[in-house]
Amino acid sequence: MKKIFVFTVMAALVMSACSKNENPIDSNQMEFTAEYPTTRATSSNFEEGDAMGVYVVKYEDEKAQPLQLYGNYANNVYSVYNGTKWVNTPAVYWEDGKFDVYAFYPYEKLPSVDEYIFEVALDQSTPETDESLSGYEASDFLWASVIDVAGSADP
């Protein structure tokens with residue numbers, strides 16, 4: 001029997017501190033943190049090389065805008081965990097205003113933000129390779145959102 005498990009990742013946006021010694025552009029980068037539920041193969045953490053997709057939607061005139069496949073403030077940003085923090089490619093920078101942030105794991109190029117077909121691997125014993133996750137890990141799907149986050153262009 002196939003089952004689809006959807007877990008909620010606690011995702012929080014963290015603005016970097018800014019000082020005179022830092023590059024103001026870098027200090028204004030959006031940084032994302034995500035904590036894994038304890039139901040994963042590693043029990044409690046993401047592993048180096050794990051990647052998630054991130055969408056950022058900016059409010060217009062204080063009004064939330066719909067999530068779209070393209071045309072958002074940031075579209076399916078490739079965010080990879082380097083063992084210490086999540087690194088975004090391309091980098092995303094704060095502006096003044098409010099934002100909604102959506103993240104999903106594992107990273108994939110999505111055909112739609114309204115529908116996502118996800119199947120749990122029938123054989124979860126397949127090992128991880130350089131090109132693919134293990135059958136067990138590939139059976140995880142995580143989704144999270146943070147709504148109405150205030151941003152500032154000032155570092």
# chains A, B, ... in the order shown; residues from 1 in each chain; ligands from 1

$ residues_around --residues "region 148-153 of chain A" --least-positions-apart "6" --cutoff "9 Å" --atoms "only C-alpha atoms" --output "list in words"
Leu13, Met15, Asn28, Tyr59, Ala64, Tyr93, Trp94, Glu95, Asp96, Gly97, Lys98, Phe99, Asp100 and Val101 of chain A

$ closest_residue --among "A:Phe118, A:Tyr105, A:Asn72, A:Thr84" --to "Gly53 (chain A)" --atoms "only C-alpha atoms"
A:Tyr105

$ closest_residue --among "A:Val87, A:Ser79, A:Ala74, A:Gln68" --to "Ser112 (chain A)" --atoms "only C-alpha atoms"
A:Gln68

$ residues_around --residues "Tyr81 (chain A)" --least-positions-apart "6" --cutoff "6 Å" --atoms "only C-alpha atoms" --output "ChimeraX atom specification"
/A:48-50

$ residues_around --residues "Gln124 (chain A)" --least-positions-apart "5" --cutoff "12 Å" --atoms "only C-alpha atoms" --output "mmCIF file with N, CA, C and O atoms, in the first residue's frame"
data_model
loop_
_atom_site.group_PDB
_atom_site.id
_atom_site.type_symbol
_atom_site.label_atom_id
_atom_site.label_comp_id
_atom_site.auth_asym_id
_atom_site.auth_seq_id
_atom_site.Cartn_x
_atom_site.Cartn_y
_atom_site.Cartn_z
ATOM 1 N N LYS A 2 0.616 2.169 -0.898
ATOM 2 C CA LYS A 2 1.380 3.407 -0.962
ATOM 3 C C LYS A 2 0.726 4.441 -0.072
ATOM 4 O O LYS A 2 -0.482 4.584 -0.051
ATOM 5 N N ALA A 41 15.395 9.434 8.168
ATOM 6 C CA ALA A 41 16.451 8.424 8.226
ATOM 7 C C ALA A 41 17.585 8.821 9.163
ATOM 8 O O ALA A 41 18.137 7.987 9.865
ATOM 9 N N GLU A 119 5.238 10.262 -5.168
ATOM 10 C CA GLU A 119 5.023 8.854 -4.847
ATOM 11 C C GLU A 119 6.101 8.362 -3.900
ATOM 12 O O GLU A 119 7.277 8.689 -4.053
ATOM 13 N N LEU A 133 18.865 10.113 -4.451
ATOM 14 C CA LEU A 133 18.706 9.806 -3.034
ATOM 15 C C LEU A 133 18.414 8.323 -2.857
ATOM 16 O O LEU A 133 18.011 7.639 -3.798
ATOM 17 N N SER A 134 18.580 7.827 -1.662
ATOM 18 C CA SER A 134 18.199 6.439 -1.388
ATOM 19 C C SER A 134 16.688 6.321 -1.519
ATOM 20 O O SER A 134 15.964 7.320 -1.457
ATOM 21 N N GLY A 135 16.189 5.120 -1.694
ATOM 22 C CA GLY A 135 14.747 4.912 -1.806
ATOM 23 C C GLY A 135 14.005 5.406 -0.586
ATOM 24 O O GLY A 135 12.900 5.953 -0.693
ATOM 25 N N TYR A 136 14.600 5.259 0.577
ATOM 26 C CA TYR A 136 13.977 5.711 1.811
ATOM 27 C C TYR A 136 13.906 7.235 1.868
ATOM 28 O O TYR A 136 12.865 7.823 2.125
ATOM 29 N N GLU A 137 15.051 7.893 1.611
ATOM 30 C CA GLU A 137 15.087 9.353 1.673
ATOM 31 C C GLU A 137 14.259 9.984 0.557
ATOM 32 O O GLU A 137 13.631 11.026 0.745
ATOM 33 N N ALA A 138 14.231 9.353 -0.603
ATOM 34 C CA ALA A 138 13.437 9.879 -1.717
ATOM 35 C C ALA A 138 11.946 9.780 -1.433
ATOM 36 O O ALA A 138 11.137 10.365 -2.146
ATOM 37 N N SER A 139 11.568 9.078 -0.401
ATOM 38 C CA SER A 139 10.166 8.941 -0.025
ATOM 39 C C SER A 139 9.716 10.023 0.960
ATOM 40 O O SER A 139 8.580 10.021 1.403
ATOM 41 N N ASP A 140 10.616 10.926 1.303
ATOM 42 C CA ASP A 140 10.261 12.068 2.154
ATOM 43 C C ASP A 140 9.776 13.209 1.283
ATOM 44 O O ASP A 140 10.380 13.512 0.254
#

$ residues_around --residues "Phe104 (chain A)" --least-positions-apart "4" --cutoff "10 Å" --atoms "only C-alpha atoms" --output "ChimeraX atom specification"
/A:8-9,51-55,76,108,141-145
